[in-house]
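Student: Structure file coords12.txt, compact mmCIF, C-alpha atoms, is pasted below:
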```
# COMPACT_ATOMS: atom_id res chain seq x y z
CA MET A 875 -16.50 -4.87 13.68
CA PRO A 876 -18.25 -7.50 11.51
CA SER A 877 -20.63 -6.19 8.89
CA SER A 878 -23.16 -8.22 6.97
CA THR A 879 -25.14 -5.51 5.20
CA ALA A 880 -22.65 -4.18 2.68
CA PHE A 881 -21.78 -5.62 -0.69
CA LEU A 882 -19.21 -4.87 -3.38
CA ARG A 883 -21.18 -4.53 -6.59
CA ALA A 884 -18.46 -3.67 -9.10
CA PHE A 885 -14.99 -2.24 -9.61
CA GLY A 886 -13.73 0.22 -12.18
CA ALA A 887 -10.38 1.57 -13.31
CA HIS A 888 -8.71 3.97 -15.64
CA VAL A 889 -5.05 4.38 -16.52
CA PRO A 890 -3.59 7.00 -18.89
CA GLU A 891 -2.47 5.90 -22.34
CA ARG A 892 1.14 7.03 -22.12
CA VAL A 893 3.44 4.18 -21.14
CA VAL A 894 6.66 5.22 -19.42
CA ALA A 895 9.12 2.34 -19.57
CA ASN A 896 11.96 1.86 -17.10
CA ALA A 897 14.45 2.95 -19.74
CA GLU A 898 12.99 6.48 -19.81
CA ILE A 899 13.24 6.86 -16.04
CA ALA A 900 16.57 5.08 -15.71
CA ALA A 901 18.23 7.51 -18.09
CA GLN A 902 17.22 10.41 -15.87
CA ILE A 903 18.24 8.93 -12.51
CA GLY A 904 21.50 7.26 -13.44
CA ARG A 905 20.30 3.70 -12.97
CA THR A 906 19.53 0.84 -15.34
CA PRO A 907 16.10 -0.48 -16.32
CA GLU A 908 17.15 -3.86 -14.94
CA TRP A 909 18.03 -2.36 -11.56
CA ILE A 910 14.62 -0.71 -11.32
CA GLU A 911 12.89 -4.01 -12.04
CA SER A 912 15.07 -5.94 -9.60
CA VAL A 913 14.34 -3.65 -6.65
CA SER A 914 10.65 -3.08 -7.37
CA GLY A 915 9.29 -5.54 -9.91
CA ILE A 916 8.20 -2.53 -11.99
CA ARG A 917 8.78 -2.60 -15.76
CA GLU A 918 6.64 0.37 -16.79
CA ARG A 919 4.05 2.82 -15.50
CA ARG A 920 1.50 5.20 -16.97
CA TRP A 921 1.83 8.98 -16.77
CA ALA A 922 -1.07 11.25 -17.59
CA SER A 923 -0.86 14.17 -19.99
CA PRO A 924 -0.35 17.66 -18.53
CA GLU A 925 -3.98 18.60 -19.12
CA MET A 926 -5.36 15.56 -17.30
CA GLY A 927 -5.85 16.03 -13.57
CA VAL A 928 -6.80 13.91 -10.58
CA ALA A 929 -10.52 14.66 -11.04
CA ASP A 930 -10.37 13.63 -14.72
CA LEU A 931 -8.79 10.30 -13.81
CA ALA A 932 -11.35 9.83 -11.02
CA VAL A 933 -14.33 10.50 -13.29
CA ALA A 934 -13.08 7.97 -15.85
CA ALA A 935 -12.73 5.25 -13.20
CA ALA A 936 -16.08 6.17 -11.63
CA GLU A 937 -17.87 5.92 -14.96
CA ASP A 938 -16.22 2.56 -15.65
CA CYS A 939 -17.34 1.25 -12.25
CA LEU A 940 -20.92 2.49 -12.62
CA SER A 941 -21.08 0.99 -16.10
CA GLN A 942 -19.86 -2.37 -14.78
CA ALA A 943 -22.50 -2.25 -12.04
CA GLY A 944 -25.27 -1.04 -14.33
CA VAL A 945 -26.05 1.70 -11.84
CA PRO A 946 -26.70 5.31 -12.93
CA ALA A 947 -24.79 8.00 -11.05
CA SER A 948 -28.12 9.51 -10.03
CA GLN A 949 -28.67 6.47 -7.80
CA LEU A 950 -25.60 7.17 -5.66
CA GLY A 951 -26.22 8.00 -2.02
CA LEU A 952 -22.66 8.99 -1.23
CA LEU A 953 -19.38 9.65 -3.05
CA MET A 954 -15.87 9.50 -1.62
CA VAL A 955 -12.73 10.48 -3.50
CA ALA A 956 -9.35 9.44 -2.09
CA SER A 957 -6.17 11.08 -3.33
CA GLY A 958 -2.80 11.98 -1.93
CA SER A 959 -1.74 13.83 -5.07
CA ALA A 960 -4.67 16.19 -5.62
CA PRO A 961 -3.60 19.82 -5.81
CA GLY A 962 -3.60 21.60 -2.47
CA GLY A 963 -6.27 24.00 -1.30
CA PHE A 964 -10.00 23.55 -1.31
CA PRO A 965 -12.39 22.27 -2.41
CA GLY A 966 -10.81 18.87 -3.02
CA PRO A 967 -11.57 16.80 -6.12
CA ALA A 968 -14.74 15.20 -4.69
CA ALA A 969 -16.83 18.26 -5.55
CA ALA A 970 -15.59 18.31 -9.15
CA VAL A 971 -16.11 14.56 -9.55
CA ALA A 972 -19.65 14.85 -8.19
CA GLU A 973 -20.42 17.68 -10.59
CA ARG A 974 -18.96 15.76 -13.54
CA LEU A 975 -21.11 12.74 -12.64
CA GLY A 976 -24.18 14.95 -12.75
CA LEU A 977 -24.76 15.05 -9.01
CA ASP A 978 -25.97 18.27 -7.43
CA SER A 979 -27.09 17.27 -3.94
CA THR A 980 -25.56 13.88 -3.19
CA PRO A 981 -23.00 14.20 -0.40
CA ALA A 982 -19.42 13.86 -1.55
CA PHE A 983 -16.21 14.16 0.42
CA ASP A 984 -12.48 13.79 0.04
CA LEU A 985 -10.12 11.39 1.73
CA PRO A 986 -6.79 13.21 1.43
CA MET A 987 -4.84 10.02 1.91
CA ALA A 988 -2.15 8.43 -0.22
CA SER A 989 -1.72 4.68 -0.56
CA ALA A 990 -4.23 3.45 2.05
CA GLY A 991 -6.96 5.84 0.88
CA SER A 992 -8.97 3.35 -1.15
CA LEU A 993 -8.82 0.74 1.62
CA PHE A 994 -10.05 3.28 4.17
CA GLY A 995 -12.75 4.45 1.76
CA MET A 996 -13.98 0.93 1.12
CA ALA A 997 -14.09 0.06 4.82
CA ILE A 998 -15.89 3.28 5.75
CA ALA A 999 -18.31 2.88 2.85
CA ALA A 1000 -19.20 -0.61 4.05
CA ARG A 1001 -20.06 0.84 7.45
CA LEU A 1002 -22.17 3.61 5.87
CA ALA A 1003 -23.91 1.64 3.13
CA GLU A 1004 -26.92 0.80 5.24
CA ALA A 1005 -27.63 4.52 5.66
CA HIS A 1006 -26.59 5.73 2.20
CA GLY A 1007 -27.41 2.85 -0.16
CA ASP A 1008 -25.00 2.96 -3.09
CA VAL A 1009 -21.66 4.43 -2.04
CA LEU A 1010 -19.07 5.06 -4.75
CA VAL A 1011 -15.46 5.09 -3.59
CA VAL A 1012 -12.96 6.46 -6.09
CA ALA A 1013 -9.20 6.71 -5.65
CA ALA A 1014 -7.24 8.76 -8.16
CA GLU A 1015 -3.61 9.75 -8.30
CA LYS A 1016 -1.41 11.81 -10.57
CA MET A 1017 1.86 10.84 -8.96
CA SER A 1018 3.82 12.11 -11.97
CA ASP A 1019 3.01 15.65 -10.83
CA VAL A 1020 4.36 14.80 -7.38
CA LEU A 1021 7.57 13.36 -8.83
CA ASN A 1022 8.04 16.25 -11.23
CA ALA A 1023 7.39 18.92 -8.60
CA GLY A 1024 11.18 18.93 -8.07
CA PRO A 1025 14.26 17.21 -9.48
CA LEU A 1026 13.66 13.48 -10.01
CA ASP A 1027 14.76 11.56 -6.92
CA PRO A 1028 16.51 8.26 -7.79
CA ASN A 1029 14.87 6.63 -4.79
CA THR A 1030 11.28 7.43 -5.74
CA ALA A 1031 11.11 8.44 -9.40
CA MET A 1032 10.93 4.87 -10.67
CA LEU A 1033 8.21 3.75 -8.29
CA PHE A 1034 5.11 5.76 -9.06
CA GLY A 1035 2.50 5.90 -11.79
CA ASP A 1036 -0.81 7.61 -12.49
CA GLY A 1037 -4.25 6.03 -12.49
CA ALA A 1038 -7.59 5.68 -10.79
CA GLY A 1039 -9.78 2.92 -9.41
CA ALA A 1040 -13.29 2.73 -8.07
CA VAL A 1041 -15.59 0.40 -6.16
CA LEU A 1042 -19.34 0.56 -5.70
CA VAL A 1043 -20.19 -0.44 -2.12
CA SER A 1044 -23.86 -0.97 -1.54
CA SER A 1045 -26.58 -2.14 0.79
CA GLN A 1046 -27.98 -3.94 -2.26
CA PRO A 1047 -26.66 -7.43 -3.04
CA GLY A 1048 -23.56 -7.73 -5.20
CA PRO A 1049 -20.99 -10.39 -6.07
CA TRP A 1050 -19.10 -9.99 -2.77
CA ARG A 1051 -20.32 -9.40 0.76
CA VAL A 1052 -18.13 -7.37 3.07
CA VAL A 1053 -17.62 -9.49 6.17
CA ASP A 1054 -15.31 -7.39 8.31
CA SER A 1055 -12.79 -4.59 8.24
CA ILE A 1056 -9.98 -3.31 10.43
CA LEU A 1057 -8.36 0.13 10.16
CA HIS A 1058 -5.32 1.46 12.00
CA THR A 1059 -3.28 4.67 12.14
CA ASP A 1060 0.02 5.38 13.88
CA GLY A 1061 1.14 8.97 13.44
CA HIS A 1062 4.53 8.47 15.08
CA PHE A 1063 6.09 7.74 11.70
CA ARG A 1064 4.26 10.38 9.63
CA GLY A 1065 7.63 11.97 8.82
CA SER A 1066 8.78 8.80 7.06
CA LEU A 1067 6.66 9.45 3.98
CA ASN A 1068 5.27 12.88 3.23
CA PHE A 1069 4.68 15.47 0.52
CA ASP A 1070 3.28 19.02 0.71
CA TRP A 1071 3.93 20.57 -2.76
CA LYS A 1072 6.49 22.91 -1.16
CA SER A 1073 9.28 20.34 -0.93
CA PRO A 1074 10.08 17.19 -2.94
CA LEU A 1075 8.43 13.92 -2.00
CA HIS A 1076 10.21 12.52 1.04
CA MET A 1077 10.31 8.77 1.54
CA ASP A 1078 12.44 6.93 4.07
CA GLY A 1079 12.27 3.63 2.24
CA LEU A 1080 13.88 1.67 5.06
CA SER A 1081 11.24 2.82 7.54
CA VAL A 1082 8.33 2.39 5.12
CA ILE A 1083 9.27 -1.14 4.07
CA LEU A 1084 10.10 -2.17 7.64
CA GLN A 1085 6.74 -0.99 8.94
CA ALA A 1086 4.74 -2.26 5.97
CA SER A 1087 6.42 -5.66 6.12
CA ARG A 1088 5.17 -6.03 9.67
CA LYS A 1089 1.84 -4.24 9.64
CA LEU A 1090 0.29 -5.62 6.43
CA PRO A 1091 0.54 -9.32 7.32
CA THR A 1092 -0.40 -8.59 10.92
CA VAL A 1093 -3.63 -6.75 10.08
CA ILE A 1094 -4.55 -9.34 7.45
CA ALA A 1095 -3.98 -12.13 9.96
CA GLU A 1096 -6.02 -10.16 12.50
CA VAL A 1097 -9.11 -9.90 10.29
CA LEU A 1098 -8.79 -13.50 9.11
CA GLU A 1099 -8.39 -14.90 12.61
CA ARG A 1100 -11.37 -13.13 14.07
CA ASN A 1101 -13.52 -14.48 11.26
CA GLY A 1102 -12.16 -18.02 11.36
CA VAL A 1103 -10.60 -17.97 7.89
CA ALA A 1104 -7.16 -19.47 7.18
CA ALA A 1105 -4.79 -17.54 4.93
CA ARG A 1106 -4.33 -20.63 2.76
CA ASP A 1107 -8.09 -20.62 2.09
CA VAL A 1108 -8.22 -17.04 0.77
CA ALA A 1109 -8.95 -17.06 -2.95
CA ALA A 1110 -7.30 -13.72 -3.66
CA PHE A 1111 -5.28 -11.03 -1.92
CA LEU A 1112 -5.89 -7.64 -3.52
CA LEU A 1113 -3.27 -5.41 -1.94
CA HIS A 1114 -1.87 -1.93 -2.43
CA GLN A 1115 0.58 -2.43 -5.30
CA ALA A 1116 3.62 -0.81 -3.73
CA ASN A 1117 6.43 -3.09 -4.76
CA GLN A 1118 6.58 -6.70 -5.99
CA ASN A 1119 9.12 -7.61 -3.33
CA LEU A 1120 6.75 -6.38 -0.62
CA LEU A 1121 3.82 -8.32 -2.08
CA ALA A 1122 5.93 -11.49 -2.06
CA ARG A 1123 7.02 -10.83 1.51
CA VAL A 1124 3.42 -10.41 2.69
CA ALA A 1125 2.43 -13.71 1.07
CA LYS A 1126 5.37 -15.47 2.69
CA SER A 1127 4.62 -14.01 6.13
CA LEU A 1128 1.02 -15.19 5.91
CA GLY A 1129 1.94 -18.63 4.59
CA ALA A 1130 -0.23 -17.90 1.57
CA ASP A 1131 0.29 -19.07 -1.99
CA ALA A 1132 2.10 -16.21 -3.74
CA GLU A 1133 0.03 -16.91 -6.84
CA ARG A 1134 -3.05 -15.71 -4.97
CA VAL A 1135 -1.57 -12.28 -4.36
CA PHE A 1136 -2.75 -10.39 -7.43
CA SER A 1137 -0.09 -8.19 -8.95
CA ASN A 1138 -0.04 -5.67 -11.77
CA VAL A 1139 2.77 -3.56 -10.32
CA ALA A 1140 5.02 -4.51 -13.25
CA ARG A 1141 2.69 -2.67 -15.65
CA TYR A 1142 1.48 0.30 -13.63
CA GLY A 1143 4.04 0.86 -10.88
CA ASN A 1144 2.80 2.17 -7.56
CA THR A 1145 -0.32 4.25 -8.22
CA SER A 1146 -0.69 5.04 -4.53
CA SER A 1147 -4.29 4.98 -3.32
CA ALA A 1148 -5.58 3.94 -6.75
CA SER A 1149 -3.52 0.78 -6.96
CA MET A 1150 -5.67 -1.56 -4.86
CA LEU A 1151 -8.81 -0.73 -6.82
CA ILE A 1152 -7.10 -0.91 -10.21
CA ALA A 1153 -5.91 -4.37 -9.16
CA ALA A 1154 -9.41 -5.29 -8.01
CA ALA A 1155 -10.93 -4.12 -11.29
CA GLU A 1156 -8.53 -6.24 -13.33
CA TRP A 1157 -8.94 -9.23 -11.03
CA SER A 1158 -12.73 -9.01 -11.13
CA ARG A 1159 -12.73 -9.20 -14.92
CA GLU A 1160 -10.70 -12.38 -14.99
CA ALA A 1161 -12.33 -15.77 -14.49
CA ARG A 1162 -14.66 -15.64 -11.49
CA ARG A 1163 -13.12 -17.07 -8.35
CA ASP A 1164 -15.40 -17.96 -5.48
CA GLY A 1165 -14.37 -17.73 -1.87
CA SER A 1166 -12.81 -15.22 0.47
CA VAL A 1167 -11.04 -12.09 -0.75
CA ILE A 1168 -8.70 -9.89 1.25
CA PHE A 1169 -8.17 -6.22 0.47
CA SER A 1170 -5.33 -4.49 2.28
CA GLY A 1171 -3.32 -1.30 2.09
CA PHE A 1172 -0.61 0.61 3.87
CA GLY A 1173 0.57 4.15 3.35
CA ALA A 1174 1.77 7.52 4.51
CA GLY A 1175 0.59 8.40 7.99
CA PHE A 1176 1.04 5.51 8.64
CA HIS A 1177 -2.46 4.31 7.83
CA TRP A 1178 -3.15 0.63 7.18
CA GLY A 1179 -5.92 -1.91 7.33
CA ALA A 1180 -7.68 -4.87 5.79
CA VAL A 1181 -11.14 -5.77 4.52
CA LEU A 1182 -12.44 -9.33 4.29
CA ALA A 1183 -15.15 -10.13 1.75
CA HIS A 1184 -16.80 -13.39 0.67
CA SER A 1185 -18.26 -14.16 -2.71
CA VAL A 1186 -22.05 -14.40 -2.60
CA MET B 1372 23.51 -13.04 28.98
CA ASN B 1373 26.88 -11.30 29.05
CA ASP B 1374 28.02 -8.83 26.41
CA ALA B 1375 30.44 -11.23 24.71
CA ILE B 1376 27.82 -13.93 24.22
CA ARG B 1377 25.28 -11.37 23.00
CA ARG B 1378 27.76 -10.03 20.45
CA GLU B 1379 28.69 -13.50 19.25
CA ARG B 1380 25.06 -14.40 18.71
CA LEU B 1381 24.35 -11.04 17.05
CA LEU B 1382 27.25 -11.48 14.64
CA GLY B 1383 25.94 -14.93 13.80
CA VAL B 1384 22.52 -13.47 12.95
CA LEU B 1385 24.05 -10.69 10.86
CA ALA B 1386 26.28 -13.11 8.96
CA LYS B 1387 23.26 -15.26 8.17
CA ILE B 1388 21.21 -12.32 6.90
CA THR B 1389 23.87 -10.38 5.00
CA LYS B 1390 25.85 -13.38 3.71
CA GLN B 1391 28.85 -11.04 3.54
CA PRO B 1392 31.89 -10.28 5.71
CA LEU B 1393 30.89 -7.97 8.55
CA PRO B 1394 32.62 -4.65 9.26
CA THR B 1395 35.32 -4.64 11.93
CA ASP B 1396 34.17 -1.19 13.06
CA SER B 1397 31.01 -1.78 15.09
CA GLU B 1398 29.93 1.83 14.48
CA GLU B 1399 29.95 1.47 10.68
CA SER B 1400 26.54 1.89 9.06
CA LEU B 1401 25.19 -1.41 7.81
CA PHE B 1402 22.97 0.47 5.38
CA GLU B 1403 25.59 2.79 3.93
CA SER B 1404 28.02 -0.11 3.54
CA GLY B 1405 25.38 -1.94 1.52
CA LEU B 1406 25.16 -4.90 3.90
CA LEU B 1407 21.49 -4.22 4.66
CA ASP B 1408 18.80 -2.84 2.38
CA SER B 1409 15.11 -2.17 2.86
CA PHE B 1410 14.14 -5.80 2.35
CA ALA B 1411 16.99 -7.33 4.35
CA LEU B 1412 16.13 -5.15 7.36
CA PRO B 1413 12.78 -6.84 8.08
CA ASP B 1414 14.57 -10.20 7.79
CA LEU B 1415 17.15 -9.02 10.32
CA VAL B 1416 14.50 -7.87 12.79
CA GLY B 1417 12.68 -11.19 12.46
CA ALA B 1418 15.92 -13.12 12.97
CA LEU B 1419 16.80 -11.06 16.06
CA GLU B 1420 13.37 -11.77 17.53
CA GLU B 1421 13.91 -15.47 17.01
CA GLU B 1422 17.50 -15.61 18.22
CA PHE B 1423 16.96 -13.51 21.34
CA SER B 1424 13.38 -14.59 22.08
CA ILE B 1425 12.09 -11.04 22.02
CA LYS B 1426 9.24 -9.25 20.29
CA VAL B 1427 10.30 -5.96 18.72
CA PRO B 1428 7.26 -3.70 19.08
CA ASP B 1429 6.17 -1.65 16.08
CA ALA B 1430 7.18 1.53 17.93
CA ASP B 1431 10.78 0.25 17.87
CA LEU B 1432 10.75 -0.44 14.14
CA ASN B 1433 13.03 2.49 13.48
CA PRO B 1434 15.85 1.71 11.03
CA ARG B 1435 18.24 3.86 13.09
CA LYS B 1436 18.08 1.34 15.91
CA PHE B 1437 19.54 -1.29 13.57
CA ASP B 1438 22.00 0.86 11.65
CA SER B 1439 25.21 -0.63 13.08
CA ILE B 1440 26.44 -3.53 15.16
CA ALA B 1441 26.88 -1.15 18.09
CA ARG B 1442 23.35 0.20 17.83
CA ILE B 1443 21.83 -3.26 17.60
CA GLU B 1444 23.87 -4.36 20.61
CA ALA B 1445 22.63 -1.34 22.54
CA TYR B 1446 19.06 -2.11 21.62
CA LEU B 1447 19.38 -5.74 22.65
CA ALA B 1448 21.00 -4.73 25.94
CA GLU B 1449 18.19 -2.26 26.57
CA ARG B 1450 15.62 -4.94 25.93
CA ALA B 1451 17.41 -7.39 28.19
CA SER B 1452 17.44 -4.92 31.07
CA ALA B 1453 13.83 -3.80 30.60
```
Show me the file's structure as structure tokens.

Tutor:
Amino acid sequence: MPSSTAFLRAFGAHVPERVVANAEIAAQIGRTPEWIESVSGIRERRWASPEMGVADLAVAAAEDCLSQAGVPASQLGLLMVASGSAPGGFPGPAAAVAERLGLDSTPAFDLPMASAGSLFGMAIAARLAEAHGDVLVVAAEKMSDVLNAGPLDPNTAMLFGDGAGAVLVSSQPGPWRVVDSILHTDGHFRGSLNFDWKSPLHMDGLSVILQASRKLPTVIAEVLERNGVAARDVAAFLLHQANQNLLARVAKSLGADAERVFSNVARYGNTSSASMLIAAAEWSREARRDGSVIFSGFGAGFHWGAVLAHSV
Amino acid sequence: MNDAIRRERLLGVLAKITKQPLPTDSEESLFESGLLDSFALPDLVGALEEEFSIKVPDADLNPRKFDSIARIEAYLAERASA
């Protein structure tokens, strides 16, 4: 479904100050810091303070994004907040984020999705921008609350961090034009990765990695092929930062230069839905790179997809 | 392809991926024995597709189907007879 009327105007991010190094986690799960880094590429992550919640993280990233864009919150036509770690019940964090941004009638809704939430939000925003103008997509996660809801699990405790990212998608011109997007869901494997606040986080790592290893490069190739772009010509791949080994595998499967797959997983761990937008915010503040950009994510559900954008 | 040839080719693929001696018990879990991990499994599936000229559909990407030599053999036999 090609789109030519939506632009990415700016990205924003926020990560908590507290750095949790591998050594702190390793001591609690009976592993070594080196083992954690070897299996994930993660050296440290950020964990928010007890008083900071998903909505607080989201507001900080939203304000950073709006500041980067030079757009006041009052100009927003729509707000989406993705999170898989927001506390249960209703209303979700979107209402609180809207209120904290000073909005009192702008529509705002939640995407209760983990890792692929920001990708889905960005793609949907691009399809709605013509009707809503400036659409702010925020993804915020406090995965430390998820991990600490029960005893630390050696298989998951070292993976996740807290943080938030944001992107302003707009009908008004910005640095990148959204060219196309593809979204997929297959609920057959929803039991492979799930969390409900009543039981500890469950992750069948074998199933998740097996599916992600196949689905991420396939959907990226799908969106590139139907727009006549070769993987080797993509300037940057901004992917969900799940695991360094997975990022490398995706690059290899696509025949892409691994250097073009942006990675900050070593510093922040897997921040679930926030990770792709935190990566995009950091990437966008480095030296400007013209050309095609791929955004892609995969997560619990399974939900996955890809967005292709070109610099303007 | 008869069972003996299939097994010989399967063992060749497994040896290439795991780079370790394979279990003599075909029912032994390749995951629990440490021969396969989450990143070797996608390599194994890709190698099986190449060796046996098949496409493993996403619906079949269930680790349990590839948990032992016996299970992989059963899957390959099922695919051959489909």

Student: Using all atoms listed in the file, find each residue of chain A with at least one atom at most 7 Å away from an atom of chain B; report its shortest atom-to-atom pair and that distance in Å (one decimal), sort the rows by chain and rising residue number, and return the result as a tab-separated table.

Tutor:
```
residue	atom	partner	partner_atom	distance
A:Gly1079	CA	B:Ser1409	CA	6.5
A:Leu1080	CA	B:Ser1409	CA	4.6
A:Ser1081	CA	B:Pro1434	CA	5.9
A:Ile1083	CA	B:Ser1409	CA	6.1
A:Leu1084	CA	B:Pro1413	CA	5.4
A:Gln1085	CA	B:Leu1432	CA	6.6
A:Ser1087	CA	B:Pro1413	CA	6.8
```

Student: I'd like the interatomic distance between CA of Leu882 (chain A) and CA of Lys1016 (chain A), to a tenth of an Å.

Tutor: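 Here the two named atoms are 25.4 Å from each other.
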
Student: Write out as an mmCIF file with C-alpha atoms, in the frame of the given file the residues lying within 10 Å of region 940-947 of chain A, counting all atoms listed in the file and excluding same-chain residues fewer than 2 positions away.

Tutor:
```
data_model
loop_
_atom_site.group_PDB
_atom_site.id
_atom_site.type_symbol
_atom_site.label_atom_id
_atom_site.label_comp_id
_atom_site.auth_asym_id
_atom_site.auth_seq_id
_atom_site.Cartn_x
_atom_site.Cartn_y
_atom_site.Cartn_z
ATOM 1 C CA LEU A 882 -19.210 -4.870 -3.380
ATOM 2 C CA ARG A 883 -21.180 -4.530 -6.590
ATOM 3 C CA ALA A 884 -18.460 -3.670 -9.100
ATOM 4 C CA PHE A 885 -14.990 -2.240 -9.610
ATOM 5 C CA GLY A 886 -13.730 0.220 -12.180
ATOM 6 C CA ALA A 935 -12.730 5.250 -13.200
ATOM 7 C CA ALA A 936 -16.080 6.170 -11.630
ATOM 8 C CA GLU A 937 -17.870 5.920 -14.960
ATOM 9 C CA ASP A 938 -16.220 2.560 -15.650
ATOM 10 C CA GLN A 949 -28.670 6.470 -7.800
ATOM 11 C CA LEU A 950 -25.600 7.170 -5.660
ATOM 12 C CA GLY A 951 -26.220 8.000 -2.020
ATOM 13 C CA LEU A 953 -19.380 9.650 -3.050
ATOM 14 C CA ALA A 972 -19.650 14.850 -8.190
ATOM 15 C CA LEU A 975 -21.110 12.740 -12.640
ATOM 16 C CA GLY A 976 -24.180 14.950 -12.750
ATOM 17 C CA LEU A 977 -24.760 15.050 -9.010
ATOM 18 C CA THR A 980 -25.560 13.880 -3.190
ATOM 19 C CA ASP A 1008 -25.000 2.960 -3.090
ATOM 20 C CA LEU A 1010 -19.070 5.060 -4.750
ATOM 21 C CA ALA A 1040 -13.290 2.730 -8.070
ATOM 22 C CA VAL A 1041 -15.590 0.400 -6.160
ATOM 23 C CA LEU A 1042 -19.340 0.560 -5.700
ATOM 24 C CA GLY A 1048 -23.560 -7.730 -5.200
ATOM 25 C CA ALA A 1155 -10.930 -4.120 -11.290
ATOM 26 C CA ARG A 1159 -12.730 -9.200 -14.920
#
```

Student: Interatomic distance between CA of Gly1173 (chain A) and CA of Phe983 (chain A)?

Tutor: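 Between CA of Gly1173 (chain A) and CA of Phe983 (chain A) the gap works out to 19.8 Å.
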
Student: Given all atoms listed in the file as the basis, pick out the residue of A:Ala1038, A:Ala1104, A:Ala1140, A:Ala960 nearest to Trp1071 (chain A).

Tutor: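 Under the stated criterion, the closest residue is A:Ala960.
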
Student: So how many Å separate CA of Glu1422 (chain B) and CA of Arg1380 (chain B), to one decimal?

Tutor: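 Between CA of Glu1422 (chain B) and CA of Arg1380 (chain B) the gap is 7.7 Å.
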